[in-house]
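Below is the file my_file_8.txt, which contains compact mmCIF, C-alpha atoms.
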```txt
# COMPACT_ATOMS: atom_id res chain seq x y z
CA MET A 18 31.68 13.32 -0.14
CA GLU A 19 28.83 15.78 -0.76
CA GLN A 20 28.26 14.17 -4.15
CA THR A 21 28.06 10.70 -2.57
CA VAL A 22 25.42 11.85 -0.07
CA ILE A 23 23.29 13.40 -2.82
CA THR A 24 23.56 10.25 -4.95
CA PHE A 25 22.66 8.15 -1.93
CA ILE A 26 19.53 10.18 -1.18
CA PHE A 27 18.52 10.16 -4.85
CA VAL A 28 18.89 6.37 -5.16
CA SER A 29 16.98 5.86 -1.89
CA PHE A 30 14.21 8.10 -3.18
CA ILE A 31 13.87 6.17 -6.46
CA VAL A 32 13.86 2.82 -4.62
CA PHE A 33 11.20 4.18 -2.27
CA ILE A 34 8.96 5.32 -5.12
CA ILE A 35 9.17 1.89 -6.78
CA ALA A 36 8.72 0.16 -3.39
CA ALA A 37 5.62 2.22 -2.60
CA LEU A 38 4.18 1.42 -6.05
CA ALA A 39 4.76 -2.30 -5.42
CA GLU A 40 3.34 -2.14 -1.91
CA ILE A 41 0.22 -0.18 -2.82
CA GLY A 42 -0.25 -2.11 -6.09
CA GLY A 43 0.16 -5.51 -4.41
CA GLY A 44 -2.22 -4.46 -1.64
CA TYR A 45 -4.69 -3.21 -4.22
CA LEU A 46 -4.74 -6.59 -6.01
CA ILE A 47 -5.49 -8.36 -2.71
CA TRP A 48 -8.14 -5.71 -2.01
CA SER A 49 -9.68 -6.36 -5.47
CA TRP A 50 -9.84 -10.06 -4.69
CA LEU A 51 -11.45 -9.75 -1.24
CA ARG A 52 -13.43 -6.50 -1.40
CA LYS A 53 -14.25 -6.13 -5.08
CA LYS A 54 -14.97 -9.85 -5.50
CA LYS A 55 -12.44 -10.34 -8.28
CA LYS A 56 -10.63 -13.62 -9.00
CA VAL A 57 -8.35 -15.27 -6.45
CA VAL A 58 -5.52 -15.20 -9.04
CA LEU A 59 -5.34 -11.44 -8.53
CA GLY A 60 -4.96 -11.95 -4.78
CA ILE A 61 -2.12 -14.41 -5.27
CA LEU A 62 -0.43 -12.07 -7.74
CA GLY A 63 -0.79 -9.33 -5.11
CA GLY A 64 0.95 -11.58 -2.58
CA VAL A 65 3.82 -12.21 -5.02
CA ILE A 66 4.19 -8.45 -5.63
CA LEU A 67 4.28 -7.80 -1.87
CA PHE A 68 7.01 -10.42 -1.58
CA ALA A 69 8.90 -8.63 -4.37
CA TYR A 70 8.37 -5.41 -2.39
CA GLY A 71 10.09 -7.06 0.60
CA ILE A 72 13.05 -8.01 -1.61
CA LEU A 73 13.23 -4.48 -3.05
CA GLN A 74 13.51 -2.98 0.45
CA THR A 75 16.68 -5.02 1.08
CA PHE A 76 18.42 -2.61 -1.33
CA GLN A 77 17.98 0.12 1.27
CA PRO A 78 20.47 0.89 4.03
CA ALA A 79 19.99 -1.17 7.18
CA GLU A 80 19.01 1.70 9.47
CA PHE A 81 15.32 1.52 10.23
CA GLY A 82 13.53 4.44 11.82
CA ARG A 83 14.39 7.74 10.19
CA VAL A 84 14.84 6.56 6.61
CA TYR A 85 11.62 4.61 6.90
CA ALA A 86 9.80 7.63 8.29
CA ALA A 87 10.57 9.31 4.97
CA TYR A 88 9.19 6.24 3.21
CA GLY A 89 5.99 6.56 5.27
CA GLY A 90 5.59 10.13 4.00
CA ILE A 91 6.05 9.08 0.37
CA PHE A 92 3.63 6.21 0.97
CA ILE A 93 0.88 8.54 2.25
CA ILE A 94 1.12 10.84 -0.78
CA MET A 95 1.17 7.93 -3.22
CA SER A 96 -1.87 6.32 -1.57
CA ILE A 97 -3.87 9.49 -2.17
CA ILE A 98 -2.60 9.71 -5.79
CA TRP A 99 -3.46 6.02 -6.29
CA GLY A 100 -7.02 6.67 -5.12
CA MET A 101 -7.34 9.62 -7.52
CA PHE A 102 -6.09 7.83 -10.63
CA ILE A 103 -6.99 4.17 -10.13
CA ASP A 104 -10.20 4.40 -8.09
CA LYS A 105 -11.14 7.85 -9.45
CA LYS A 106 -11.79 9.08 -5.92
CA LYS A 107 -10.95 12.67 -5.13
CA PRO A 108 -9.49 12.98 -1.64
CA ASP A 109 -11.85 14.77 0.72
CA ARG A 110 -10.90 17.75 2.90
CA TYR A 111 -9.84 15.67 5.90
CA GLU A 112 -7.78 13.28 3.81
CA ILE A 113 -5.85 16.21 2.33
CA ILE A 114 -5.37 18.09 5.63
CA GLY A 115 -4.50 14.93 7.57
CA SER A 116 -2.06 13.72 4.90
CA CYS A 117 -0.26 17.09 4.83
CA ILE A 118 0.08 16.99 8.63
CA ALA A 119 1.32 13.37 8.63
CA VAL A 120 3.87 14.17 5.90
CA LEU A 121 5.00 17.23 7.89
CA GLY A 122 5.71 14.87 10.80
CA ALA A 123 7.79 12.63 8.53
CA MET A 124 9.75 15.65 7.27
CA ILE A 125 10.54 16.79 10.81
CA ILE A 126 11.95 13.34 11.57
CA PHE A 127 13.95 13.16 8.34
CA TYR A 128 15.24 16.74 7.95
CA ALA A 129 15.77 17.83 11.58
CA PRO A 130 19.33 19.14 12.07
CA ARG A 131 21.22 16.73 14.30
CA MET B 27 -16.19 -14.37 0.44
CA VAL B 28 -18.98 -11.84 -0.11
CA ASP B 29 -21.05 -13.50 2.63
CA ASN B 30 -18.07 -13.32 4.98
CA LEU B 31 -17.77 -9.61 4.36
CA LEU B 32 -21.47 -9.11 5.09
CA LYS B 33 -21.13 -11.10 8.33
CA LEU B 34 -18.09 -9.07 9.30
CA GLU B 35 -20.02 -5.86 8.66
CA GLN B 36 -22.96 -7.06 10.77
CA HIS B 37 -20.67 -7.96 13.68
CA TYR B 38 -18.83 -4.69 13.36
CA ASN B 39 -22.02 -2.64 13.42
CA LEU B 40 -22.92 -4.10 16.82
CA VAL B 41 -19.86 -2.77 18.66
CA SER B 42 -19.68 0.63 20.34
CA LYS B 43 -18.02 3.67 18.78
CA TYR B 44 -15.17 3.42 21.26
CA ASN B 45 -14.54 -0.23 20.47
CA LYS B 46 -14.65 0.52 16.73
CA ILE B 47 -11.72 2.89 17.20
CA LEU B 48 -9.84 0.25 19.19
CA ILE B 49 -10.54 -2.44 16.57
CA THR B 50 -9.41 -0.29 13.64
CA LEU B 51 -6.29 0.90 15.53
CA PHE B 52 -5.47 -2.72 16.32
CA LEU B 53 -5.85 -3.62 12.62
CA PHE B 54 -3.42 -0.82 11.69
CA PHE B 55 -0.99 -2.08 14.32
CA LEU B 56 -1.34 -5.67 13.09
CA ALA B 57 -0.70 -4.58 9.51
CA GLY B 58 2.45 -2.74 10.64
CA LEU B 59 3.68 -5.80 12.52
CA CYS B 60 3.13 -8.00 9.45
CA GLU B 61 4.82 -5.55 7.09
CA ILE B 62 7.86 -4.81 9.23
CA GLY B 63 8.14 -8.40 10.54
CA GLY B 64 7.68 -10.00 7.11
CA GLY B 65 10.08 -7.50 5.55
CA TYR B 66 12.59 -8.23 8.31
CA LEU B 67 12.50 -11.99 7.57
CA VAL B 68 13.10 -11.32 3.86
CA TRP B 69 15.97 -9.03 4.88
CA VAL B 70 17.53 -11.71 7.12
CA TRP B 71 17.23 -14.26 4.30
CA LEU B 72 18.97 -12.09 1.68
CA ARG B 73 21.33 -9.88 3.67
CA GLU B 74 22.34 -12.26 6.42
CA GLU B 75 22.18 -15.37 4.26
CA MET B 76 19.73 -17.34 6.35
CA SER B 77 17.74 -20.26 4.94
CA TRP B 78 15.30 -19.56 2.08
CA ILE B 79 12.58 -20.99 4.33
CA ILE B 80 12.86 -17.83 6.44
CA GLY B 81 12.50 -15.78 3.25
CA ALA B 82 9.44 -17.76 2.14
CA LEU B 83 7.86 -17.29 5.58
CA GLY B 84 8.55 -13.56 5.27
CA GLY B 85 6.82 -13.54 1.88
CA PHE B 86 3.79 -15.29 3.35
CA ILE B 87 3.58 -12.78 6.22
CA LEU B 88 3.75 -9.95 3.65
CA PHE B 89 0.80 -11.60 1.88
CA LEU B 90 -1.09 -11.59 5.21
CA TYR B 91 -0.14 -7.92 5.56
CA GLY B 92 -2.07 -7.32 2.32
CA ILE B 93 -5.16 -9.05 3.73
CA VAL B 94 -5.38 -7.12 7.02
CA PRO B 95 -6.50 -3.74 5.52
CA THR B 96 -9.40 -5.50 3.72
CA LEU B 97 -10.94 -5.92 7.20
CA GLN B 98 -11.09 -2.13 7.65
CA PRO B 99 -14.42 -0.33 7.12
CA SER B 100 -13.31 2.37 4.69
CA THR B 101 -12.04 3.11 1.19
CA PHE B 102 -8.71 1.79 -0.10
CA HIS B 103 -6.86 5.07 -0.38
CA ARG B 104 -8.05 6.38 3.00
CA ILE B 105 -6.96 3.20 4.79
CA TYR B 106 -3.58 3.20 3.05
CA ALA B 107 -2.89 6.91 3.63
CA ALA B 108 -3.71 6.56 7.33
CA TYR B 109 -1.59 3.43 7.52
CA GLY B 110 1.41 5.38 6.17
CA GLY B 111 1.34 7.54 9.31
CA ILE B 112 1.07 4.48 11.55
CA PHE B 113 4.05 3.01 9.69
CA ILE B 114 6.17 6.10 10.48
CA VAL B 115 5.55 5.62 14.21
CA MET B 116 6.05 1.86 14.12
CA ALA B 117 9.29 2.07 12.12
CA LEU B 118 10.70 4.39 14.81
CA LEU B 119 9.50 2.02 17.54
CA TRP B 120 11.03 -0.96 15.74
CA GLY B 121 14.36 0.86 15.39
CA TRP B 122 14.26 1.74 19.06
CA LEU B 123 13.30 -1.69 20.41
CA PHE B 124 15.26 -3.96 18.08
CA GLN B 125 18.12 -1.88 16.73
CA GLY B 126 18.89 0.31 19.72
CA SER B 127 18.42 3.68 17.97
CA THR B 128 16.80 5.77 20.71
CA PRO B 129 14.37 8.37 19.29
CA ASP B 130 15.36 12.01 19.95
CA THR B 131 13.03 14.99 20.50
CA TYR B 132 12.55 15.57 16.75
CA ASP B 133 11.60 11.92 16.24
CA ILE B 134 9.01 12.06 19.02
CA VAL B 135 7.55 15.41 17.88
CA GLY B 136 7.45 14.23 14.24
CA ALA B 137 5.83 10.91 15.16
CA GLY B 138 3.24 12.74 17.30
CA ILE B 139 2.40 15.09 14.42
CA SER B 140 2.08 12.12 12.03
CA LEU B 141 -0.34 10.46 14.45
CA ILE B 142 -2.48 13.61 14.55
CA GLY B 143 -2.54 13.43 10.74
CA VAL B 144 -3.71 9.81 10.90
CA LEU B 145 -6.49 10.73 13.33
CA ILE B 146 -7.71 13.44 10.94
CA ILE B 147 -7.50 11.23 7.83
CA TYR B 148 -9.24 8.24 9.35
CA TYR B 149 -11.25 9.20 12.43
CA VAL B 150 -13.06 12.43 11.57
CA PRO B 151 -16.70 11.34 11.06
CA ARG B 152 -17.92 11.77 7.45
CA LYS B 153 -21.23 11.60 5.67
CA GLY B 154 -21.94 7.99 4.73
CA GLY B 155 -19.95 6.68 7.70
CA GLU B 156 -18.14 3.39 7.36
CA ILE B 157 -17.78 1.83 3.95
CA TRP B 158 -17.63 -1.93 3.48
CA SER B 159 -18.71 -3.02 0.07
CA LYS B 160 -19.51 0.00 -2.07
CA GLN B 161 -16.17 0.33 -3.77
```
Here is a file; write its structure as C-alpha cells.
Amino acid sequence: MEQTVITFIFVSFIVFIIAALAEIGGGYLIWSWLRKKKKVVLGILGGVILFAYGILQTFQPAEFGRVYAAYGGIFIIMSIIWGMFIDKKKPDRYEIIGSCIAVLGAMIIFYAPR
Amino acid sequence: MVDNLLKLEQHYNLVSKYNKILITLFLFFLAGLCEIGGGYLVWVWLREEMSWIIGALGGFILFLYGIVPTLQPSTFHRIYAAYGGIFIVMALLWGWLFQGSTPDTYDIVGAGISLIGVLIIYYVPRKGGEIWSKQ
C-alpha cells in the first residue's frame, strides 16, 4: 500500500514536470510569435503543444483542486527557471520572495495533515 | 501585429493605476478559465469518450489560453510565475464549484498565501514599470 502511494506520487510528479515544460514551452512559442514578432508558424506550433499539454494532463487522477495546487507550485518554480535559462533574465528580489510565498501556499494545501 | 501591440500599449497607458490592476487580474482570470476549461474539454473527450469535436474545441481554447498572457504588460517569466499562483486558487475553486470538493481551512489558508505571493511577484512597482515590447 505504502509503496503504491509513493509510486503514485512519483509518477504524478514526473507527469507534472513534463506538463509544465509543455505548457510553458507552448506558451513561450505563442509569446515569441506575438511579442517577439517571430513567424506565425511558431505560434501554431505553440498551440499544438498546448493541446498536447491538455492530453498529457488526462493521465493524472481526476481530482482537481489539491493535486493541481501542487502543479501550480511546480509551474511557478519552472517559470522562473525558464526565464533564467531561455530568456537569460535573473529573477528580481520580488519575483523570488513572491514565488517562495506562493509555493509555500501550494505546499500547505498539498501536505496538510487531513 | 507590432502596430496592434503599440496601440494596445497606448490604450493601456491611458487607464488609471487602479484599473490597470483590475485589467491585469481579469487577464489572469481569463487565462485560468481558458486553461482549465480547455483542459476539461480535452479530458471529457478522452476520458469520457465524447466526440472528437469537443476535444478539438478544447485544443482551440488552450491555444487561446496561450494568447491571453501576451496582452499582459510584463516579462514572460514574471507573468507565468504570477499566473501559477492564480492557477492554484482557480483549481481549488473549480474543484469546489464543479466537483463538489469543499475547500477546508488548509486549502483556504494556502490559497490566501499563494495570492499574497502573486501580489508580490506581479504588483510591487519596479524600476522601468510596465514592459510591452522590450523583450
Requested in this report: Have a look at B:Leu51, B:Val135, B:Val115, B:Leu123 and name the one nearest to Ala87 in chain A; count all atoms listed in the file.
Outcome: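 Among B:Leu51, B:Val135, B:Val115, B:Leu123, it is B:Val115 that comes nearest to Ala87 in chain A.
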Query raised in the report: Any idea which chain B residues end up within 8 Å of chain A if we count only C-alpha atoms, as a PyMOL selection string please?
Result: chain B and resi 27-28+31+64-65+68-69+72-73+84-86+88-89+92-93+95-96+102-104+106-111+113-115+117-122+125+127+132-133+135-148+150+158-159+161
Query raised in the report: CA of Leu97 in chain B to CA of Thr50 in chain B: how many Å, to one decimal?
Result: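 If I compute the distance from CA of Leu97 in chain B to CA of Thr50 in chain B, I get 8.7 Å.
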Query raised in the report: How many Å lie between CA of Gly155 in chain B and CA of Phe55 in chain B, rounded to one decimal?
Result: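 Calculated distance between CA of Gly155 in chain B and CA of Phe55 in chain B is 21.9 Å.
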Query - B:Leu53, B:Leu48, B:Ile157, B:Met76 ranked by distance to Leu90 in chain B, top pick (using all atoms listed in the file) - result: B:Leu53
Query raised in the report: Excluding same-chain residues fewer than 4 positions from range 19-27 of chain A, what lies within 10 Å of it counting all atoms listed in the file, as a ChimeraX atom specification?
Result: /A:31-33,77-78,84
Okay, now the selection with C-alpha atoms, as a PDB file, in the frame of the given file?
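The resulting part.pdb:
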```
ATOM      1  CA  ILE A  31      13.870   6.170  -6.460  1.00  0.00           C
ATOM      2  CA  VAL A  32      13.860   2.820  -4.620  1.00  0.00           C
ATOM      3  CA  PHE A  33      11.200   4.180  -2.270  1.00  0.00           C
ATOM      4  CA  GLN A  77      17.980   0.120   1.270  1.00  0.00           C
ATOM      5  CA  PRO A  78      20.470   0.890   4.030  1.00  0.00           C
ATOM      6  CA  VAL A  84      14.840   6.560   6.610  1.00  0.00           C
TER       7      VAL A  84
END
```
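Taking CA of Glu156 in chain B and CA of Glu35 in chain B as endpoints, the distance between them is 9.5 Å.
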Report summary line: Of B:Leu56, B:Ile105, B:Leu67, B:Trp78, the one sitting nearest Tyr91 in chain B when using only C-alpha atoms is B:Leu56
Requested in this report: Counting all atoms listed in the file, figure out which residue out of B:Thr101, B:Phe54, B:Ile134, B:Ile112 gets nearest to Lys105 in chain A.
Outcome: B:Thr101
For range 62-68 of chain A, take all atoms listed in the file, fit an axis-aligned box around them, add 8 Å to each of the six sides, then output centre and edge lengths in Å rounded to one decimal, as lines of an AutoDock Vina configuration file.
```
center_x = 3.1
center_y = -10.0
center_z = -4.7
size_x = 23.8
size_y = 20.4
size_z = 22.2
```
